[in-house]
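Q: Shown below is the structure under consideration.
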Protein chains: 2
Amino acid sequence: MKKKNGQHFSRLSLRRVAIDTYKENVAYLSRDCSVYRAEGFQALAKVEVVCNSRRIQAVLNVVDDDRIVGNCELGLSEQAFAQLGAEEGAEVRVAQAEPPASMDAVRRKISGERLVLKDYQNITLDIAQNRYSRMEMAAFLVSTGQNGLDRDEVLSLTRAMIETGVRLNWNEPLVADKHCIGGIPGNRTSMLIVPIVAAHGMLIPKTSSRAITSPAGTADTMEVLAHIALLPEALNKLVRLERGCLAWGGTTKLAPVDDVLISVERPLGIDSQGQMVASILSKKVAAGSTHLLLDIPVGPTAKVRRMRDAMALRKLFEFVGDRLNLRMEVMVTDGRQPVGRGIGPVLEARDVMLVLQNHPEAPLDLREKSLRMAGRIIEFDPDVRGGQGYAIARGILESGRALAKMNRIIQAQGAQEQTLAPGHLSYEVHAQRDGVVTSIDNYLLANAARLAGAPMAKGAGVDLFAKLGDTVQKGQPLYRVYAEFQSNFDFAREFTAAHNGYGIGDPSEMPASFTEFEP
Amino acid sequence: MKKKNGQHFSRLSLRRVAIDTYKENVAYLSRDCSVYRAEGFQALAKVEVVCNSRRIQAVLNVVDDDRIVGNCELGLSEQAFAQLGAEEGAEVRVAQAEPPASMDAVRRKISGERLVLKDYQNITLDIAQNRYSRMEMAAFLVSTGQNGLDRDEVLSLTRAMIETGVRLNWNEPLVADKHCIGGIPGNRTSMLIVPIVAAHGMLIPKTSSRAITSPAGTADTMEVLAHIALLPEALNKLVRLERGCLAWGGTTKLAPVDDVLISVERPLGIDSQGQMVASILSKKVAAGSTHLLLDIPVGPTAKVRRMRDAMALRKLFEFVGDRLNLRMEVMVTDGRQPVGRGIGPVLEARDVMLVLQNHPEAPLDLREKSLRMAGRIIEFDPDVRGGQGYAIARGILESGRALAKMNRIIQAQGAQEQTLAPGHLSYEVHAQRDGVVTSIDNYLLANAARLAGAPMAKGAGVDLFAKLGDTVQKGQPLYRVYAEFQSNFDFAREFTAAHNGYGIGDPSEMPASFTEFEP
C-alpha cells in the first residue's frame, strides 16, 4: 500500500485483456481480489491506474473468471492498456478515481451560470486526459448546448480546445482553408476547391472530419479515392510538395478534445451553434490556417433555415475568428436542396471526378459553387485583383490543371487499390404526380442515405435524377437508392415509402433563395 | 440470417461472461466472428440481442481472446445474461440496435421545446426496457434539469414513471407516508416516525432509497440495524403484521426508471426540482400511498435556501400530488444545520435508538422534529382531533411503545447479526476561537462525512459536539470524524483542515429561521 495525493493505492500485476472498448477505458478486477474488497470498489466506478509516472482513468468491471483476470491482477482493455504504455506483468497501482474537479463547473453551467476561460481550460484538460466518462461528456455537451453559450464563452471554449492539442505552424504568411457548417447532402466542394487553389500555388492543407450525422463527410468521400489517415510527418511533406491535401483530421492531434466530444455528440445526435463554432475554429487555428472561407447554406431544410439566423451565426464566427487572428470570409449559400447528384461516399466521389474531368454529365451546381468558393479563396492572394478569382479558378479547372493536381494528391496520399462501386442492391423512387419539383428535403434524403448504410458502407447512398425546378411526370424516377446489405436496403425502402422527400407542384410554390448566388 | 422488423439478425450461441458491468448491459463478440465483419459493427455500438421472444439491448465490446468468447458465440455480461433469461448455448440472434425512438423527444427538449405526456411515456418506456445508454440518460437528465420542466411536464413525467412499474394497492383507505427532500445531514426522522405512526395503528409502509449525494439515506442507516432488501411478498406480510416497515425501495420495482436515472444522477452530481418532484411522487403513488407528509428544510446551506423557493416547490408538489389523488401536507422546517448529532449510517442509527429509548443523551432536535411530523401524520386519521397528533405521538414515544414497535420491525425485517461500531480511525476538529456557533454548513459537513467513507463504510461519518447557539471556547472539540480506511481518513482530514464548516462569532450573526417551528 502506498499513498499519493491523499489517495490509497494498491499494487497489482498488469494484464492486457483483449477486449476492444473503443473510446472508453475499462479496467477488470477479480471479485476475489483483496483490493476489490478492501477498497469497496463497485462495478462502473471510475478508478485511477498508475504505472511508473503514467496515470489513466478507467471504468471498473468486476470479473468472476480467472481466465480473464486472476486474483492479483489488474486487467485493462486494449485502448486503456495502450494508453498506460506499460508491459504485461508490470506493477500497477489502483485507487478510486476522484471525480474530475472541473465537473463542478459543468454543474454550474447546468444551473445556468456563465463560465470563464479558466473553467473551459480545466474542462478540456480533464477531457484530454481521459478523466471524463462518456456520461460526464454528455452532461457537458447538453449543458452547453441548451442554454447556449454567450459569445465570450464560445471564444473561451475555442481557446481552451486549441490549447489541449498540437498547434501547427506552416511558416508561410497565407495558409488557406475552407469549411462548410454542413447539413447539405452532396456538398463536396472541398474536393474541388483544394486542387484548384493548390494548383494556383496557395497553401491549402485541408483536413476534414468524418460524417457526424450526415451520410458522408469529405474524409469519408476522399477515402473512396485515397488513404486519408496520414501521420503528421507524411502530411507535412505532402503539403510542402503539392501545396494541398485532403486528409482526415483525426490522426493529427489538433484540438483532440473536439474528436472526443464528437464521439459523444454523434450517437446522441445533438449539435449546438456555440459548440459548432468552437469545434470548427479550434481545428482551423490549431491546423495553422490564417485565412478561412466559411460556407453557411440556408434553406428550409438546411441547418440554418432563415437568413437572419445565418447572419447571427456569421457574426459569431467573425467575433471568435477575429480574436484568434483568423482572417475570415463567410459566404451564405443556397441550401434549399442537395448539391450535385450523389449522396454517399462513392456517389459523391463520382460527382467530384466528373467535375474535375470537365465531363458533360458533371453536376453543374457542384461545379459552379466550387468555382465561386475557390475564386474567393484565390482572392485572399494579395497579387490577385478583387473580382478576378472566379475566372482564375475556372481557368485552372477547364485547363485540366485541377484534375492533374487532384491525381497527384491522390497518389501522394496513397491511391485506393480499387475504385469502389455503388452498392449492388438498389431501387428507384418515382414521382407520384406530374409537376415541377418545388422542394427536396435535405434531412429526409440524408436520412434515407444513412439508412441505406452510408457512410460506413461506402457504396450506399442516394443518386438524384431531378432537382428543384425540374419538370417531372408521374412514374418518372426521382432518385435511386443503393445499399450493400439487405437489412439496410429494407430500412431505407421502408423509410422512403413513407417519406420520399420530394415536393412536386407549381413553380410558384418553390421557396425563394436570397443567398449570394444560385448555382 | 433472419429478418424481423426490418433488422438483419445473425444467429450465434449464447455464452455467459463472468464480468459484472452493473447497470450497463455489455455484449462480447469475437473480432473473427463473421457477424462482426458482415454487419460492420463497431465497439461501443448498441446491439439488440434476441432469444425466443425476449430482447435486450447491450453495448458491444469486441474481443480478441477465445477464452472469453469464441467465433460463433455471443457473450453477455452478468446482468445482461440475467435479463435475457436464457441458458448458455441457446441460439441467440443479434443485430444493430436502432437508436431509441424517444431520443427525438430528448433532442427536442434540448432545443427548448415542451414535451407532452406521450413523449415522457415513450422515454420512460425506452429507459425501462434498457434501450438508453448511460450517455443518453445523462442527456435526458441534463436537458430536463437545466431549462426546467414546467409543472404540466412534471406531472407528465411523474405519470409516465408510475406507469413503467408495479403499482401497489394496500386495499386500505389510508396509507400514510413521509418524505424529506434531503440535504440535511442526520435528518433520520423516518426511523422515528414509522414506529410511532405504526404503533398508533396507521399503515405506513415506508420504503426509502440509499443516499444519492448525502453521507447516509434512511435505507443506509436502517441497514445498520436490519436487513432492508426485502422481496415484495415478505414486505407485504410484514406490513400487514406490524403496520409499518423501513425497507429499501430498490427491490420493489416501483417506478424502476427512477432508480435507473438516479444511478446516472449520482455520479454526475446533478439534481433538479422537476426531477425531484417526479422522482418522489412517482415512488409514493406507485407504493400505494394515499397521504403524504413532505419535509422541506430551508436554510442557507440546505437544498432550498429561501422561503420563497420553498413556497414555489410546495406549490409544485401540491399541483402534481393533487392531480394524482395524493393527499399531501407540506412542512417547511428549519434546515440551518444538521439534525441530531451523528452524520453517517452507524452514528445516525445510534441517535435514532437513543431517542426511541428516551435516553437522557438523545438529541432533542431529532426527537422534537420527529414528534411534530409524526403528530401531523397521525392527524390524517379522521378519528384524531386537529391539534392532538403531537400529544399522541409523544405518548407513544414516552411509553416505550415506539421502541417496542421498532424492535418488532427490526426482527421482522431480519436483525443484523452484530451492531456496527463507528470507524476505528478518528480525529477531532477544534474551535479556532471563543464565541457562539453561528453557522454549521450542511454541505461541508456532509462532504466531510462522505470523504470519510460514508455511506459505503457504515461506521464512517461525523459526530457533532456543538450546535447552533452553543457557546464554545478556543480549542474545544466541535466534532469528531470517524473513518474505516486510512485513505478516507486522510481525505477527510485534509478537507476539514481547509473547511471545518463551523462559523463562530456573536449570536446576532446567526441567521433567523422563519419556519413552522425551531426544534
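Letters A, B, ... mark the chains of the C-alpha cells in the order given; residue numbers begin at 1 per chain; ligand numbers begin at 1, in order shown.
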Listing only residues of chain A within 6 Å of chain B, what is the closest atom pair and its distance in Å (to one decimal) for each, using only C-alpha atoms, sorted by chain and residue number ascending, as a Markdown table?

A:
| residue | atom | partner | partner_atom | distance |
| --- | --- | --- | --- | --- |
| A:Gly6 | CA | B:Phe491 | CA | 5.8 |
| A:Gln7 | CA | B:Ser487 | CA | 5.7 |
| A:His8 | CA | B:Ser487 | CA | 4.8 |
| A:Ala18 | CA | B:Asp64 | CA | 5.0 |
| A:Ile19 | CA | B:Val63 | CA | 4.4 |
| A:Asp20 | CA | B:Val62 | CA | 4.8 |
| A:Thr21 | CA | B:Asn61 | CA | 5.4 |
| A:Tyr22 | CA | B:Ala43 | CA | 5.4 |
| A:Ala43 | CA | B:Tyr22 | CA | 5.4 |
| A:Asn61 | CA | B:Thr21 | CA | 5.4 |
| A:Val62 | CA | B:Asp20 | CA | 4.8 |
| A:Val63 | CA | B:Ile19 | CA | 4.4 |
| A:Asp64 | CA | B:Ala18 | CA | 5.0 |
| A:Asp65 | CA | B:Ala18 | CA | 5.7 |
| A:Ile110 | CA | B:Gln146 | CA | 5.3 |
| A:Ser111 | CA | B:Gln146 | CA | 5.9 |
| A:Arg134 | CA | B:Met135 | CA | 6.0 |
| A:Met135 | CA | B:Met135 | CA | 4.5 |
| A:Ala138 | CA | B:Met135 | CA | 5.7 |
| A:Ala139 | CA | B:Ala138 | CA | 5.7 |
| A:Val142 | CA | B:Ala139 | CA | 6.0 |
| A:Gln146 | CA | B:Ile110 | CA | 5.3 |
| A:Ser487 | CA | B:His8 | CA | 4.8 |
| A:Asp490 | CA | B:Gly6 | CA | 5.8 |
| A:Phe491 | CA | B:Gly6 | CA | 5.8 |

Q: Output N, CA and C atoms for every residue in the selection just made, as a tab-separated table (two decimals), in the first residue's frame.

A:
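Full text of result26.tsv as output:
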chain	number	residue	atom	x	y	z
A	6	GLY	N	-3.04	11.87	-1.34
A	6	GLY	CA	-4.16	11.55	-0.46
A	6	GLY	C	-4.93	10.31	-0.89
A	7	GLN	N	-4.56	9.70	-2.02
A	7	GLN	CA	-5.30	8.50	-2.44
A	7	GLN	C	-4.62	7.26	-1.90
A	8	HIS	N	-5.40	6.20	-1.81
A	8	HIS	CA	-4.98	4.95	-1.23
A	8	HIS	C	-4.75	4.00	-2.40
A	18	ALA	N	-7.89	-8.71	-23.97
A	18	ALA	CA	-8.09	-8.50	-25.40
A	18	ALA	C	-9.54	-8.13	-25.71
A	19	ILE	N	-9.99	-7.07	-25.07
A	19	ILE	CA	-11.34	-6.57	-25.34
A	19	ILE	C	-11.21	-5.12	-25.81
A	20	ASP	N	-11.87	-4.85	-26.92
A	20	ASP	CA	-11.80	-3.53	-27.56
A	20	ASP	C	-13.01	-2.73	-27.07
A	21	THR	N	-12.74	-1.67	-26.32
A	21	THR	CA	-13.84	-0.88	-25.75
A	21	THR	C	-13.88	0.53	-26.34
A	22	TYR	N	-13.27	0.67	-27.51
A	22	TYR	CA	-13.31	1.91	-28.29
A	22	TYR	C	-12.82	3.08	-27.46
A	43	ALA	N	-18.72	-1.99	-9.40
A	43	ALA	CA	-18.68	-2.02	-10.85
A	43	ALA	C	-19.17	-0.69	-11.39
A	61	ASN	N	-14.86	-2.94	-14.27
A	61	ASN	CA	-15.74	-4.10	-14.41
A	61	ASN	C	-15.23	-5.16	-13.45
A	62	VAL	N	-16.13	-5.86	-12.79
A	62	VAL	CA	-15.73	-6.86	-11.79
A	62	VAL	C	-15.88	-8.25	-12.41
A	63	VAL	N	-14.83	-9.06	-12.29
A	63	VAL	CA	-14.73	-10.31	-13.05
A	63	VAL	C	-14.76	-11.52	-12.11
A	64	ASP	N	-15.49	-12.57	-12.53
A	64	ASP	CA	-15.53	-13.81	-11.76
A	64	ASP	C	-14.94	-14.96	-12.57
A	65	ASP	N	-13.94	-14.70	-13.38
A	65	ASP	CA	-13.38	-15.73	-14.24
A	65	ASP	C	-11.88	-15.50	-14.32
A	110	ILE	N	-24.92	23.77	-15.81
A	110	ILE	CA	-26.26	23.16	-15.84
A	110	ILE	C	-27.25	24.06	-15.12
A	111	SER	N	-26.79	24.70	-14.03
A	111	SER	CA	-27.74	25.55	-13.30
A	111	SER	C	-27.79	26.95	-13.89
A	134	ARG	N	-18.11	9.02	-20.48
A	134	ARG	CA	-18.96	9.45	-21.59
A	134	ARG	C	-20.23	10.10	-21.06
A	135	MET	N	-20.66	9.66	-19.91
A	135	MET	CA	-21.83	10.25	-19.27
A	135	MET	C	-21.55	11.70	-18.89
A	138	ALA	N	-21.49	13.78	-21.96
A	138	ALA	CA	-22.85	14.07	-22.42
A	138	ALA	C	-23.44	15.22	-21.61
A	139	ALA	N	-23.18	15.21	-20.30
A	139	ALA	CA	-23.71	16.29	-19.45
A	139	ALA	C	-23.10	17.63	-19.87
A	142	VAL	N	-24.68	18.69	-23.34
A	142	VAL	CA	-26.07	19.13	-23.26
A	142	VAL	C	-26.14	20.46	-22.50
A	146	GLN	N	-27.77	23.62	-24.66
A	146	GLN	CA	-29.15	24.01	-24.50
A	146	GLN	C	-29.30	25.50	-24.18
A	487	SER	N	-30.39	-5.67	-44.93
A	487	SER	CA	-31.10	-5.03	-43.83
A	487	SER	C	-31.19	-3.52	-44.06
A	490	ASP	N	-33.72	-2.73	-46.76
A	490	ASP	CA	-35.10	-2.80	-46.25
A	490	ASP	C	-35.45	-1.56	-45.42
A	491	PHE	N	-34.50	-1.17	-44.54
A	491	PHE	CA	-34.69	0.03	-43.73
A	491	PHE	C	-35.00	1.24	-44.61

Q: Quick one: everything within 6 Å of Pro297 (chain A), counting only C-alpha atoms, minus sequence neighbours fewer than 5 positions away in the same chain. Send it as a ChimeraX atom specification.

A: /A:332-335

Q: Just to be explicit: take each residue in the selection above, keep C-alpha atoms, and write the result as a PDB file, in the first residue's frame.

A:
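The resulting part.pdb:
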ATOM      1  CA  VAL A 332     -24.161  32.413 -47.224  1.00  0.00           C
ATOM      2  CA  THR A 333     -25.160  29.928 -49.932  1.00  0.00           C
ATOM      3  CA  ASP A 334     -28.275  28.305 -51.345  1.00  0.00           C
ATOM      4  CA  GLY A 335     -29.130  25.357 -49.093  1.00  0.00           C
TER       5      GLY A 335
END

Q: Hey, what does DSSP flag as strand (DSSP E or B) within region 134-364 of chain B? Can you give it to me as an NGL selection string?

A: :B and (166 or 175-180 or 203-208 or 226 or 244-248 or 254 or 291-298 or 304 or 327-334 or 342-343)

Q: Pull C-alpha atoms from the residues just selected and write them as a PDB file, in the first residue's frame.

A:
ATOM      1  CA  VAL B 166     -45.682  -2.128 -10.468  1.00  0.00           C
ATOM      2  CA  VAL B 175     -51.852   4.580   3.587  1.00  0.00           C
ATOM      3  CA  ALA B 176     -49.505   7.125   5.176  1.00  0.00           C
ATOM      4  CA  ASP B 177     -46.028   8.084   4.074  1.00  0.00           C
ATOM      5  CA  LYS B 178     -43.470  10.790   4.747  1.00  0.00           C
ATOM      6  CA  HIS B 179     -40.595  12.136   2.754  1.00  0.00           C
ATOM      7  CA  CYS B 180     -37.884  14.724   3.073  1.00  0.00           C
ATOM      8  CA  LEU B 203     -50.493   1.842   7.870  1.00  0.00           C
ATOM      9  CA  ILE B 204     -47.077   3.326   6.996  1.00  0.00           C
ATOM     10  CA  PRO B 205     -45.169   1.013   4.641  1.00  0.00           C
ATOM     11  CA  LYS B 206     -42.081   3.186   4.244  1.00  0.00           C
ATOM     12  CA  THR B 207     -39.593   2.406   1.532  1.00  0.00           C
ATOM     13  CA  SER B 208     -36.505   4.567   1.141  1.00  0.00           C
ATOM     14  CA  ALA B 226     -31.784  -4.734  10.000  1.00  0.00           C
ATOM     15  CA  GLY B 244     -45.085  -0.321   9.081  1.00  0.00           C
ATOM     16  CA  CYS B 245     -41.650  -1.104   7.711  1.00  0.00           C
ATOM     17  CA  LEU B 246     -38.366   0.652   6.929  1.00  0.00           C
ATOM     18  CA  ALA B 247     -37.218  -1.090   3.763  1.00  0.00           C
ATOM     19  CA  TRP B 248     -35.119  -0.258   0.742  1.00  0.00           C
ATOM     20  CA  LEU B 254     -41.883   0.661  -8.036  1.00  0.00           C
ATOM     21  CA  HIS B 291     -51.472  10.521   2.369  1.00  0.00           C
ATOM     22  CA  LEU B 292     -48.033  12.080   2.350  1.00  0.00           C
ATOM     23  CA  LEU B 293     -46.245  14.444   4.728  1.00  0.00           C
ATOM     24  CA  LEU B 294     -43.408  16.211   2.959  1.00  0.00           C
ATOM     25  CA  ASP B 295     -40.496  17.880   4.754  1.00  0.00           C
ATOM     26  CA  ILE B 296     -38.833  20.847   3.003  1.00  0.00           C
ATOM     27  CA  PRO B 297     -35.934  22.111   5.134  1.00  0.00           C
ATOM     28  CA  VAL B 298     -34.886  25.717   4.473  1.00  0.00           C
ATOM     29  CA  VAL B 304     -33.758  25.195  -0.511  1.00  0.00           C
ATOM     30  CA  ARG B 327     -53.463  13.919  -0.095  1.00  0.00           C
ATOM     31  CA  MET B 328     -50.411  15.935   0.800  1.00  0.00           C
ATOM     32  CA  GLU B 329     -49.233  18.158   3.650  1.00  0.00           C
ATOM     33  CA  VAL B 330     -46.012  20.102   3.269  1.00  0.00           C
ATOM     34  CA  MET B 331     -43.964  21.197   6.300  1.00  0.00           C
ATOM     35  CA  VAL B 332     -41.260  23.780   5.787  1.00  0.00           C
ATOM     36  CA  THR B 333     -38.699  23.067   8.517  1.00  0.00           C
ATOM     37  CA  ASP B 334     -35.527  24.571   9.948  1.00  0.00           C
ATOM     38  CA  GLY B 342     -24.396  11.817  14.110  1.00  0.00           C
ATOM     39  CA  ILE B 343     -23.776  12.013  10.357  1.00  0.00           C
TER      40      ILE B 343
END

Q: For CA of Ser282 (chain A) and CA of Asn407 (chain A), quote the distance in Å rounded to one decimal.

A: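 Distance between the two atoms: 29.7 Å.
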
Q: Where does DSSP see alpha helix (DSSP H) in region 90-274 of chain B, if you list the residues as a tab-separated table (two decimals) with C-alpha atoms, in the first residue's frame?

A:
chain	number	residue	atom	x	y	z
B	103	MET	CA	-34.31	10.26	-28.24
B	104	ASP	CA	-36.03	12.52	-30.80
B	105	ALA	CA	-38.06	13.93	-27.95
B	106	VAL	CA	-34.92	14.38	-25.84
B	107	ARG	CA	-33.35	16.34	-28.69
B	108	ARG	CA	-36.47	18.49	-28.91
B	109	LYS	CA	-36.18	19.09	-25.18
B	110	ILE	CA	-32.51	20.04	-25.58
B	117	LEU	CA	-47.30	13.06	-21.73
B	118	LYS	CA	-46.84	10.75	-24.72
B	119	ASP	CA	-43.20	11.88	-25.05
B	120	TYR	CA	-42.49	11.13	-21.40
B	121	GLN	CA	-44.25	7.79	-21.68
B	122	ASN	CA	-42.07	6.86	-24.66
B	123	ILE	CA	-38.90	7.99	-22.89
B	124	THR	CA	-39.59	6.15	-19.64
B	125	LEU	CA	-40.66	3.02	-21.51
B	126	ASP	CA	-37.44	3.03	-23.54
B	127	ILE	CA	-35.41	3.52	-20.35
B	128	ALA	CA	-37.31	0.76	-18.54
B	134	ARG	CA	-25.95	5.93	-19.83
B	135	MET	CA	-24.86	8.73	-22.15
B	136	GLU	CA	-28.41	9.09	-23.47
B	137	MET	CA	-29.75	9.09	-19.93
B	138	ALA	CA	-27.30	11.84	-19.00
B	139	ALA	CA	-28.56	13.86	-21.97
B	140	PHE	CA	-32.16	13.38	-20.84
B	141	LEU	CA	-31.38	14.35	-17.25
B	142	VAL	CA	-29.44	17.45	-18.16
B	143	SER	CA	-31.98	18.55	-20.76
B	144	THR	CA	-34.85	18.30	-18.31
B	145	GLY	CA	-32.78	19.66	-15.44
B	146	GLN	CA	-31.48	22.84	-16.96
B	151	ARG	CA	-45.49	21.93	-13.99
B	152	ASP	CA	-47.55	20.08	-16.58
B	153	GLU	CA	-44.37	18.41	-17.77
B	154	VAL	CA	-43.51	17.41	-14.20
B	155	LEU	CA	-46.96	15.86	-13.91
B	156	SER	CA	-46.49	14.04	-17.24
B	157	LEU	CA	-43.06	12.74	-16.24
B	158	THR	CA	-44.45	11.58	-12.88
B	159	ARG	CA	-47.36	9.76	-14.51
B	160	ALA	CA	-45.03	8.15	-17.04
B	161	MET	CA	-42.66	6.98	-14.32
B	162	ILE	CA	-45.52	5.44	-12.33
B	163	GLU	CA	-46.69	3.54	-15.41
B	190	SER	CA	-38.42	8.37	9.26
B	191	MET	CA	-36.88	5.86	11.63
B	192	LEU	CA	-38.79	7.52	14.48
B	193	ILE	CA	-41.98	8.46	12.64
B	194	VAL	CA	-42.61	4.96	11.27
B	195	PRO	CA	-42.61	3.17	14.65
B	196	ILE	CA	-44.69	5.95	16.25
B	197	VAL	CA	-47.29	6.06	13.48
B	198	ALA	CA	-47.42	2.27	13.13
B	199	ALA	CA	-47.83	1.95	16.91
B	200	HIS	CA	-50.82	4.29	16.57
B	218	THR	CA	-32.70	6.09	5.58
B	219	ALA	CA	-32.02	2.80	3.79
B	220	ASP	CA	-28.28	3.02	4.55
B	221	THR	CA	-28.96	3.81	8.21
B	222	MET	CA	-31.68	1.20	8.76
B	223	GLU	CA	-29.30	-1.34	7.23
B	224	VAL	CA	-27.08	-0.91	10.29
B	225	LEU	CA	-29.88	-2.45	12.36
B	232	PRO	CA	-42.37	-7.90	-2.24
B	233	GLU	CA	-44.20	-10.81	-0.62
B	234	ALA	CA	-42.13	-10.61	2.56
B	235	LEU	CA	-42.59	-6.86	2.68
B	236	ASN	CA	-46.34	-7.20	2.27
B	237	LYS	CA	-46.66	-9.78	5.04
B	238	LEU	CA	-44.52	-7.67	7.39
B	239	VAL	CA	-46.52	-4.51	6.78
B	240	ARG	CA	-49.83	-6.32	7.38
B	241	LEU	CA	-48.47	-7.60	10.67
B	242	GLU	CA	-46.66	-4.55	12.03
B	256	PRO	CA	-37.99	1.45	-11.65
B	257	VAL	CA	-37.00	4.16	-14.12
B	258	ASP	CA	-36.36	6.42	-11.16
B	259	ASP	CA	-33.66	4.05	-9.87
B	260	VAL	CA	-32.01	3.89	-13.26
B	261	LEU	CA	-31.98	7.68	-13.56
B	262	ILE	CA	-30.62	8.02	-10.03
B	263	SER	CA	-27.72	5.72	-10.97
B	264	VAL	CA	-26.76	8.34	-13.56
B	265	GLU	CA	-27.61	11.40	-11.46
B	266	ARG	CA	-25.45	10.16	-8.60
B	267	PRO	CA	-22.06	10.13	-10.36
B	268	LEU	CA	-22.94	13.33	-12.23
B	273	GLN	CA	-36.64	20.46	-8.90
B	274	GLY	CA	-38.84	18.91	-11.57

Q: What does the distance from CA of Ala302 (chain B) to CA of Tyr443 (chain B) come to in Å, to one decimal?

A: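 Separation of CA of Ala302 (chain B) and CA of Tyr443 (chain B): 7.5 Å.
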
Q: Would you pick out the contacts of Ile392 (chain A) at 12 Å or less, using only C-alpha atoms, so that residues sharing its chain but fewer than 6 positions from it are not included, and give the list as a ChimeraX atom specification?

A: /A:196-197,199-201,371-379,381,384-386,398-399,401-402

Q: Please produce an output containing N, CA and C atoms for each residue in the selection, written as a compact mmCIF listing (two decimals), in the first residue's frame.

A:
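For reference, again-v7.txt as written:
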# COMPACT_ATOMS: atom_id res chain seq x y z
N ILE A 196 -7.96 23.09 -57.03
CA ILE A 196 -7.92 24.35 -57.78
C ILE A 196 -7.00 25.35 -57.09
N VAL A 197 -7.21 25.53 -55.77
CA VAL A 197 -6.44 26.52 -55.03
C VAL A 197 -4.96 26.11 -54.95
N ALA A 199 -3.42 24.29 -57.13
CA ALA A 199 -2.85 24.47 -58.47
C ALA A 199 -2.50 25.94 -58.71
N HIS A 200 -3.24 26.82 -58.07
CA HIS A 200 -2.92 28.25 -58.15
C HIS A 200 -1.63 28.56 -57.37
N GLY A 201 -1.24 27.65 -56.49
CA GLY A 201 0.01 27.83 -55.75
C GLY A 201 -0.17 28.22 -54.30
N LEU A 371 -16.38 26.62 -57.94
CA LEU A 371 -15.61 27.66 -58.62
C LEU A 371 -15.75 29.00 -57.90
N ARG A 372 -16.98 29.32 -57.51
CA ARG A 372 -17.19 30.59 -56.79
C ARG A 372 -16.38 30.61 -55.50
N MET A 373 -16.42 29.51 -54.77
CA MET A 373 -15.71 29.48 -53.50
C MET A 373 -14.20 29.48 -53.71
N ALA A 374 -13.73 28.68 -54.66
CA ALA A 374 -12.28 28.67 -54.94
C ALA A 374 -11.83 30.06 -55.34
N GLY A 375 -12.68 30.75 -56.13
CA GLY A 375 -12.35 32.11 -56.56
C GLY A 375 -12.18 33.05 -55.38
N ARG A 376 -13.07 32.94 -54.40
CA ARG A 376 -12.98 33.80 -53.22
C ARG A 376 -11.70 33.52 -52.43
N ILE A 377 -11.32 32.26 -52.37
CA ILE A 377 -10.08 31.93 -51.65
C ILE A 377 -8.88 32.46 -52.42
N ILE A 378 -8.92 32.31 -53.72
CA ILE A 378 -7.80 32.79 -54.54
C ILE A 378 -7.64 34.31 -54.36
N GLU A 379 -8.75 34.98 -54.12
CA GLU A 379 -8.66 36.44 -53.90
C GLU A 379 -8.05 36.81 -52.54
N ASP A 381 -5.19 35.95 -52.03
CA ASP A 381 -3.83 36.19 -52.55
C ASP A 381 -3.69 37.68 -52.85
N VAL A 384 -3.80 38.95 -56.43
CA VAL A 384 -4.96 38.79 -57.30
C VAL A 384 -5.88 39.99 -57.11
N ARG A 385 -6.29 40.59 -58.23
CA ARG A 385 -7.18 41.74 -58.21
C ARG A 385 -8.59 41.30 -57.80
N GLY A 386 -9.25 42.10 -56.92
CA GLY A 386 -10.61 41.77 -56.48
C GLY A 386 -11.51 41.49 -57.67
N GLU A 398 -10.81 24.24 -66.22
CA GLU A 398 -11.04 23.90 -67.62
C GLU A 398 -9.77 23.42 -68.32
N SER A 399 -8.63 23.91 -67.84
CA SER A 399 -7.36 23.51 -68.47
C SER A 399 -6.93 22.10 -68.08
N ARG A 401 -5.74 21.43 -65.16
CA ARG A 401 -4.72 21.51 -64.11
C ARG A 401 -5.29 21.07 -62.76
N ALA A 402 -6.57 21.30 -62.51
CA ALA A 402 -7.18 20.87 -61.25
C ALA A 402 -7.21 19.34 -61.17

Q: Near Asn500 (chain B), within 12 Å and counting only C-alpha atoms, which residues show up once chain neighbours fewer than 4 positions away are dropped, as a list of chain:residue names?

A: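 Close residues of Asn500 (chain B): B:Glu428, B:Val429, B:His430, B:Ala431, B:Gln432, B:Ser439, B:Ile440, B:Asp441, B:Asn442, B:Tyr443, B:Leu444, B:Leu445, B:Ala446, B:Asn447, B:Ala448, B:Ala449, B:Val462, B:Leu464, B:Pro477, B:Leu478, B:Tyr479, B:Arg480, B:Val481, B:Ala492, B:Arg493, B:Glu494, B:Phe495, B:Thr496, B:Ile504.
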
Q: Please identify all polymer residues within 9 Å of Glu88 (chain B), counting only C-alpha atoms, omitting same-chain residues fewer than 4 positions from it, and present them as an mmCIF file with C-alpha atoms, in the first residue's frame.

A:
data_model
loop_
_atom_site.group_PDB
_atom_site.id
_atom_site.type_symbol
_atom_site.label_atom_id
_atom_site.label_comp_id
_atom_site.auth_asym_id
_atom_site.auth_seq_id
_atom_site.Cartn_x
_atom_site.Cartn_y
_atom_site.Cartn_z
ATOM 1 C CA SER B 13 -24.558 -19.356 -29.461
ATOM 2 C CA LEU B 14 -25.098 -17.622 -26.112
ATOM 3 C CA ARG B 15 -22.279 -17.520 -23.569
ATOM 4 C CA ARG B 16 -22.259 -16.094 -20.088
ATOM 5 C CA PHE B 81 -27.279 -12.560 -19.264
#

Q: To one decimal in Å, tell me the separation between CA of Glu361 (chain B) and CA of Lys467 (chain B).

A: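 Computing it gives 14.4 Å between the two atoms.
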
Q: Need to verify the contact set: region 350-354 of chain A, 8 Å, only C-alpha atoms, exclusion of same-chain residues closer than 3 positions in sequence. Can you return it as a PyMOL selection string?

A: chain A and resi 188+191-192+340-342+346-347+357-359+361-363+403

Q: Pick out the residues sitting within 9 Å of His424 (chain B), and hand them over as a compact mmCIF listing (two decimals) with N, CA and C atoms, in the first residue's frame; count only C-alpha atoms, and ignore anything fewer than 2 positions along from it in its own chain.

A:
# COMPACT_ATOMS: atom_id res chain seq x y z
N ALA B 421 -19.92 -0.68 14.88
CA ALA B 421 -19.32 0.39 15.68
C ALA B 421 -18.82 1.49 14.75
N PRO B 422 -18.63 2.71 15.29
CA PRO B 422 -18.02 3.76 14.46
C PRO B 422 -16.63 3.31 14.00
N SER B 426 -10.11 7.87 13.97
CA SER B 426 -10.88 9.09 14.24
C SER B 426 -9.97 10.26 14.62
N GLY B 459 -19.49 2.73 9.35
CA GLY B 459 -19.03 3.36 10.59
C GLY B 459 -18.38 4.71 10.39
N ALA B 460 -18.27 5.12 9.13
CA ALA B 460 -17.63 6.41 8.84
C ALA B 460 -18.62 7.54 9.05
N TYR B 482 -15.00 10.01 11.99
CA TYR B 482 -14.65 8.58 12.03
C TYR B 482 -14.45 8.05 10.61
N ALA B 483 -13.45 7.16 10.45
CA ALA B 483 -13.24 6.50 9.16
C ALA B 483 -12.89 5.05 9.38
N GLU B 484 -13.06 4.24 8.35
CA GLU B 484 -12.68 2.83 8.44
C GLU B 484 -11.39 2.55 7.68
N PHE B 485 -11.07 3.42 6.71
CA PHE B 485 -9.87 3.20 5.90
C PHE B 485 -8.95 4.42 5.99
